[in-house]
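What's in query.csv: CSV, C-alpha atoms
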```csv
chain,number,residue,atom,x,y,z
A,10,MET,CA,100.7,-163.5,8.2
A,11,PHE,CA,99.6,-159.9,8.5
A,12,ARG,CA,102.6,-158.9,10.5
A,13,TYR,CA,104.9,-160.7,8.0
A,14,GLU,CA,103.3,-158.7,5.2
A,15,LEU,CA,104.0,-155.4,7.1
A,16,LEU,CA,107.7,-156.3,7.5
A,17,HIS,CA,107.9,-157.4,3.9
A,18,THR,CA,106.5,-154.0,2.8
A,19,LEU,CA,109.0,-152.1,4.9
A,20,TRP,CA,111.9,-154.1,3.6
A,21,LYS,CA,110.9,-153.8,-0.1
A,22,LEU,CA,110.1,-150.1,0.4
A,23,TRP,CA,113.8,-149.2,0.7
A,24,LYS,CA,115.0,-151.7,-2.0
A,25,HIS,CA,112.6,-150.5,-4.8
A,26,PRO,CA,114.6,-147.6,-6.1
A,27,ARG,CA,117.2,-150.2,-7.2
A,28,ALA,CA,114.7,-152.9,-8.2
A,29,VAL,CA,114.2,-154.1,-11.7
A,30,ARG,CA,110.7,-153.8,-13.3
A,31,LYS,CA,110.0,-157.5,-12.9
A,32,ASP,CA,110.5,-157.3,-9.1
A,33,ILE,CA,108.4,-154.2,-8.8
A,34,VAL,CA,105.5,-155.8,-10.7
A,35,SER,CA,105.8,-159.0,-8.6
A,36,PHE,CA,105.7,-156.9,-5.4
A,37,GLN,CA,102.7,-154.9,-6.6
A,38,ASN,CA,100.8,-158.0,-7.5
A,39,ARG,CA,101.6,-159.7,-4.2
A,40,LYS,CA,100.4,-156.7,-2.2
A,41,LEU,CA,97.3,-156.5,-4.3
A,42,ARG,CA,96.4,-160.1,-3.6
A,43,HIS,CA,97.0,-159.6,0.1
A,44,LEU,CA,94.9,-156.4,0.1
A,45,ILE,CA,92.0,-158.1,-1.7
A,46,ARG,CA,92.0,-161.1,0.7
A,47,HIS,CA,92.2,-158.8,3.7
A,48,ALA,CA,89.3,-156.5,2.4
A,49,TYR,CA,87.1,-159.5,1.6
A,50,ASN,CA,87.7,-161.3,4.9
A,51,ASN,CA,87.5,-158.2,7.1
A,52,VAL,CA,85.5,-155.4,5.6
A,53,ILE,CA,81.7,-155.7,5.3
A,54,TYR,CA,81.4,-153.3,2.4
A,55,TYR,CA,84.0,-155.1,0.2
A,56,ARG,CA,82.7,-158.5,1.0
A,57,ASP,CA,79.2,-157.4,0.0
A,58,LEU,CA,80.5,-155.7,-3.1
A,59,PHE,CA,82.4,-158.8,-4.2
A,60,ASP,CA,79.6,-161.1,-3.4
A,61,ARG,CA,77.1,-159.0,-5.4
A,62,ALA,CA,79.5,-159.1,-8.4
A,63,GLY,CA,80.2,-162.9,-8.0
A,64,ILE,CA,83.9,-162.3,-7.4
A,65,LYS,CA,86.1,-164.2,-5.0
A,66,PRO,CA,89.6,-163.0,-3.9
A,67,ALA,CA,91.2,-165.7,-5.9
A,68,ASP,CA,89.8,-164.1,-9.1
A,69,ILE,CA,92.2,-161.1,-8.5
A,70,ARG,CA,95.7,-162.2,-9.2
A,71,THR,CA,97.3,-159.2,-10.9
A,72,VAL,CA,96.6,-155.5,-11.5
A,73,ASN,CA,95.3,-156.7,-14.9
A,74,ASP,CA,92.3,-158.2,-13.1
A,75,LEU,CA,91.2,-155.0,-11.3
A,76,HIS,CA,88.7,-154.2,-14.1
A,77,ILE,CA,86.4,-156.9,-12.8
A,78,ILE,CA,85.8,-155.2,-9.5
A,79,PRO,CA,82.8,-152.8,-9.6
A,80,ILE,CA,83.8,-149.2,-9.2
A,81,THR,CA,83.3,-147.7,-5.8
A,82,GLU,CA,82.5,-144.0,-5.7
A,83,LYS,CA,82.9,-141.6,-2.7
A,84,ASN,CA,79.2,-141.4,-2.3
A,85,ASP,CA,78.9,-145.1,-2.0
A,86,LEU,CA,81.3,-145.0,1.0
A,87,ARG,CA,79.6,-141.9,2.5
A,88,ALA,CA,76.4,-143.8,2.6
A,89,CYS,CA,77.9,-146.6,4.7
A,90,ALA,CA,78.2,-146.8,8.5
A,91,ALA,CA,81.8,-146.5,9.7
A,92,GLU,CA,81.9,-150.1,10.9
A,93,ASP,CA,81.0,-151.3,7.4
A,94,VAL,CA,84.1,-149.7,5.8
A,95,LEU,CA,86.5,-150.4,8.6
A,96,ALA,CA,88.3,-153.8,9.0
A,97,ARG,CA,87.0,-156.1,11.6
A,98,GLY,CA,88.6,-155.3,15.0
A,99,THR,CA,89.5,-151.8,14.0
A,100,HIS,CA,88.2,-148.9,16.1
A,101,SER,CA,87.7,-145.5,14.4
A,102,ASP,CA,88.9,-143.7,17.5
A,103,GLN,CA,92.3,-145.3,17.0
A,104,LEU,CA,92.7,-143.9,13.5
A,105,ALA,CA,93.6,-140.5,12.1
A,106,ALA,CA,90.7,-138.9,10.4
A,107,LEU,CA,92.0,-136.8,7.5
A,108,VAL,CA,89.5,-134.6,5.7
A,109,THR,CA,90.1,-133.8,2.1
A,110,SER,CA,89.8,-130.2,0.9
A,111,GLY,CA,86.6,-130.8,-1.0
A,112,SER,CA,88.0,-129.1,-4.1
A,113,SER,CA,86.3,-131.7,-6.3
A,114,GLY,CA,83.0,-131.6,-4.5
A,115,ARG,CA,82.1,-132.4,-0.8
A,116,PRO,CA,85.0,-133.1,1.6
A,117,PHE,CA,85.7,-136.7,2.2
A,118,ILE,CA,87.1,-138.4,5.4
A,119,VAL,CA,90.0,-140.8,5.0
A,120,ARG,CA,91.0,-142.9,8.0
A,121,ARG,CA,94.4,-144.3,8.5
A,122,GLY,CA,96.2,-146.2,11.1
A,123,ARG,CA,99.7,-145.5,12.5
A,124,PHE,CA,101.4,-148.1,10.4
A,125,GLU,CA,99.9,-146.6,7.2
A,126,ASP,CA,101.1,-143.2,8.4
A,127,HIS,CA,104.7,-144.6,8.8
A,128,VAL,CA,104.7,-146.3,5.4
A,129,ILE,CA,103.4,-143.2,3.6
A,130,ASN,CA,106.0,-141.1,5.5
A,131,MET,CA,108.7,-143.5,4.5
A,132,PHE,CA,107.7,-143.2,0.8
A,133,ARG,CA,107.8,-139.4,1.1
A,134,ILE,CA,111.2,-139.5,2.7
A,135,ARG,CA,112.6,-142.0,0.2
A,136,ALA,CA,111.4,-139.7,-2.7
A,137,LEU,CA,112.8,-136.6,-1.0
A,138,ARG,CA,116.2,-138.4,-0.5
A,139,GLN,CA,116.3,-139.1,-4.2
A,140,TYR,CA,115.8,-135.4,-4.8
A,141,GLY,CA,118.7,-134.6,-2.4
A,142,LEU,CA,117.2,-134.4,1.1
A,143,ARG,CA,119.8,-135.1,3.7
A,144,THR,CA,119.2,-136.8,7.1
A,145,ARG,CA,119.8,-133.6,9.1
A,146,ASP,CA,117.9,-131.2,6.8
A,147,ARG,CA,115.1,-129.1,8.5
A,148,ARG,CA,111.9,-129.5,6.4
A,149,THR,CA,109.0,-127.0,6.6
A,150,ARG,CA,105.8,-128.3,5.1
A,151,VAL,CA,103.3,-125.6,4.0
A,152,ILE,CA,100.2,-127.6,4.4
A,153,LEU,CA,96.5,-127.2,3.8
A,154,GLY,CA,94.2,-127.8,6.8
A,155,ASN,CA,94.6,-127.6,10.4
A,156,VAL,CA,98.0,-127.8,12.1
A,157,GLU,CA,96.1,-129.4,15.1
A,158,GLY,CA,96.0,-132.5,13.0
A,159,GLU,CA,99.8,-132.5,13.1
A,160,LYS,CA,99.6,-133.0,16.9
A,161,ARG,CA,98.9,-136.7,16.3
A,162,GLU,CA,102.6,-137.3,16.4
A,163,THR,CA,103.8,-140.7,17.2
A,164,PHE,CA,106.7,-141.8,19.5
A,165,LEU,CA,108.8,-142.3,16.3
A,166,THR,CA,108.1,-138.7,15.3
A,167,HIS,CA,109.3,-137.4,18.7
A,168,VAL,CA,112.4,-139.6,18.5
A,169,ARG,CA,113.2,-138.3,14.9
A,170,GLN,CA,112.8,-134.7,16.1
A,171,ALA,CA,114.9,-135.2,19.2
A,172,LEU,CA,117.7,-136.9,17.1
A,173,ARG,CA,117.4,-134.1,14.5
A,174,VAL,CA,116.7,-136.7,11.8
A,175,TYR,CA,114.3,-135.9,9.0
A,176,ARG,CA,112.8,-133.1,11.2
A,177,SER,CA,109.6,-131.7,9.8
A,178,TYR,CA,107.6,-128.6,10.9
A,179,PRO,CA,104.1,-127.6,9.6
A,180,VAL,CA,102.9,-124.1,8.5
A,181,LYS,CA,99.3,-123.5,7.6
A,182,CYS,CA,99.0,-122.4,3.9
A,183,LEU,CA,95.7,-120.5,4.4
A,184,GLN,CA,97.4,-117.8,6.5
A,185,PRO,CA,98.3,-114.4,5.0
A,186,ALA,CA,101.4,-114.7,2.8
A,187,ARG,CA,103.2,-112.3,5.2
A,188,VAL,CA,102.6,-114.6,8.2
A,189,ILE,CA,103.8,-117.7,6.1
A,190,CYS,CA,107.0,-115.8,5.2
A,191,GLN,CA,107.6,-114.8,8.8
A,192,SER,CA,107.2,-118.4,9.9
A,193,LEU,CA,109.6,-119.6,7.2
A,194,GLU,CA,112.2,-117.0,8.1
A,195,ALA,CA,111.9,-118.0,11.8
A,196,MET,CA,112.3,-121.7,11.0
A,197,ASN,CA,115.1,-121.2,8.5
A,198,PRO,CA,114.4,-124.5,6.8
A,199,ASP,CA,116.8,-126.3,4.4
A,200,VAL,CA,113.8,-127.7,2.4
A,201,ILE,CA,110.3,-126.2,1.9
A,202,GLU,CA,107.5,-128.5,0.8
A,203,GLY,CA,104.2,-127.2,-0.3
A,204,TYR,CA,101.6,-126.6,-3.0
A,205,PRO,CA,102.9,-125.1,-6.3
A,206,SER,CA,100.2,-122.4,-6.0
```
Give the structure from the file, written as structure tokens.
Amino acid sequence: MFRYELLHTLWKLWKHPRAVRKDIVSFQNRKLRHLIRHAYNNVIYYRDLFDRAGIKPADIRTVNDLHIIPITEKNDLRACAAEDVLARGTHSDQLAALVTSGSSGRPFIVRRGRFEDHVINMFRIRALRQYGLRTRDRRTRVILGNVEGEKRETFLTHVRQALRVYRSYPVKCLQPARVICQSLEAMNPDVIEGYPS
């Protein structure tokens, strides 16, 4: 079931720009139901949260039902052991640990698996294609954080780079402006992504 849902997500991902509103809402609600069932059945924190509130996965059918789930704040998750917030069978050493900037308070660690990285990247590429990105364009991403994190490249990333398809190169944004400009000149990108500031 889970693998089928993954394939369903990828298929719909590319169709949505041409989808009608009714189909998008149907997709959204289907994925919500799947997520809720998965969280309840596999993540200790969410099972406990739902049980304390007297909620069962079947109670959440559409986005209109989300209001019955108690709000979880970052501090609630910070207080949990890693195994309480990870799905059963998931090992934290197999996930990418992304640390937020902490601009709204303390930094927060978000963990993602490879499939999530691929889906998020596909959403980005789809959006960039709608803005005019071409398959062979060289992208430079002026990013916050450590370029070391970019080394968690997957086989698919290496294949894309080798085939010169949706190539992407990171530059740290916290460097002096002169260094950033030199990097951009050396890379000679077709597209530059970054923060407005």
Next item on the list: Can you pull out every residue within 8 Å of Arg97 in chain A, counting only C-alpha atoms, but drop anything in the same chain fewer than 5 positions away, and send it as a list of chain:residue names?
Entry: A:Asn51, A:Val52, A:Glu92
Notebook entry, point to check: Just how far from CA of Thr18 in chain A is CA of Ile118 in chain A, in Å to one decimal?
Noted result: 25.0 Å
Item checked: Distance in Å - CA of Thr71 in chain A versus CA of Phe117 in chain A -> 28.5 Å
Next item on the list: Quote the spacing between CA of Arg148 in chain A and CA of Arg176 in chain A in Å to one decimal place.
Entry: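 Between CA of Arg148 in chain A and CA of Arg176 in chain A the gap is 6.1 Å.
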To box range 170-181 of chain A, take all atoms listed in the file, fit an axis-aligned box, add 8 Å on each side, and give centre and edge lengths in Å to one decimal, as lines of an AutoDock Vina configuration file.
```
center_x = 108.5
center_y = -130.2
center_z = 13.4
size_x = 34.4
size_y = 29.4
size_z = 27.6
```
Check: Hey, what's within 6 Å of Arg120 in chain A if we count only C-alpha atoms and toss same-chain stuff fewer than 5 positions away? As a PyMOL selection string, please?
Finding: chain A and resi 104-106
Write a file of the selected residues as a short mmCIF file (atom, residue, chain, number, x, y, z; two decimals), keeping the file's coordinate frame, keeping C-alpha atoms.
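After the write, out-v4.cif holds the following:
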```cif
data_model
loop_
_atom_site.label_atom_id
_atom_site.label_comp_id
_atom_site.auth_asym_id
_atom_site.auth_seq_id
_atom_site.Cartn_x
_atom_site.Cartn_y
_atom_site.Cartn_z
CA LEU A 104 92.70 -143.90 13.50
CA ALA A 105 93.60 -140.50 12.10
CA ALA A 106 90.70 -138.90 10.40
#
```
Notebook entry, point to check: With distances taken over all atoms listed in the file, which of A:Ala28, A:Ile152, A:Ala62, A:Val188 is nearest to Pro79 in chain A?
Noted result: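 Using all atoms listed in the file, Pro79 in chain A sits closest to A:Ala62.
Of the residues listed (A:Leu44, A:Ile53, A:Ile201, A:Leu183), A:Ile53 shows the shortest atom-to-atom separation from Leu86 in chain A; distances use all atoms listed in the file.
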Notebook entry, point to check: Which residue gives the smallest distance to Val94 in chain A among A:Arg135, A:Ile64, A:Ala48, A:Thr109, with all atoms listed in the file counted?
Noted result: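 Nearest candidate to Val94 in chain A out of A:Arg135, A:Ile64, A:Ala48, A:Thr109: A:Ala48.
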Checklist line | For Asn130 in chain A, the nearest of the candidates A:His100, A:Ser177, A:Ser112, A:His167, counting only C-alpha atoms | finding: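 For Asn130 in chain A, the nearest of the given residues is A:Ser177.
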Margin query: Residues within 12 Å of (82.9, -165.2, -4.1), file coordinates, counting all atoms listed in the file: what are they? Give the list as a PyMOL selection string.
Written below: chain A and resi 45-46+49-50+55-69+78
Next item on the list: Using all atoms listed in the file, determine which residues lie at most 12 Å from Asn197 in chain A, disregarding the query and same-chain residues fewer than 2 positions distant; provide the list as number ranges by chain.
Entry: A: 146-149, 177-178, 190-195, 199-201
Next item on the list: Give the answer as one residue: which of A:His47, A:Lys31, A:Arg150, A:Arg133 has the shortest atom-to-atom distance to Ile189 in chain A, using only C-alpha atoms?
Entry: A:Arg150
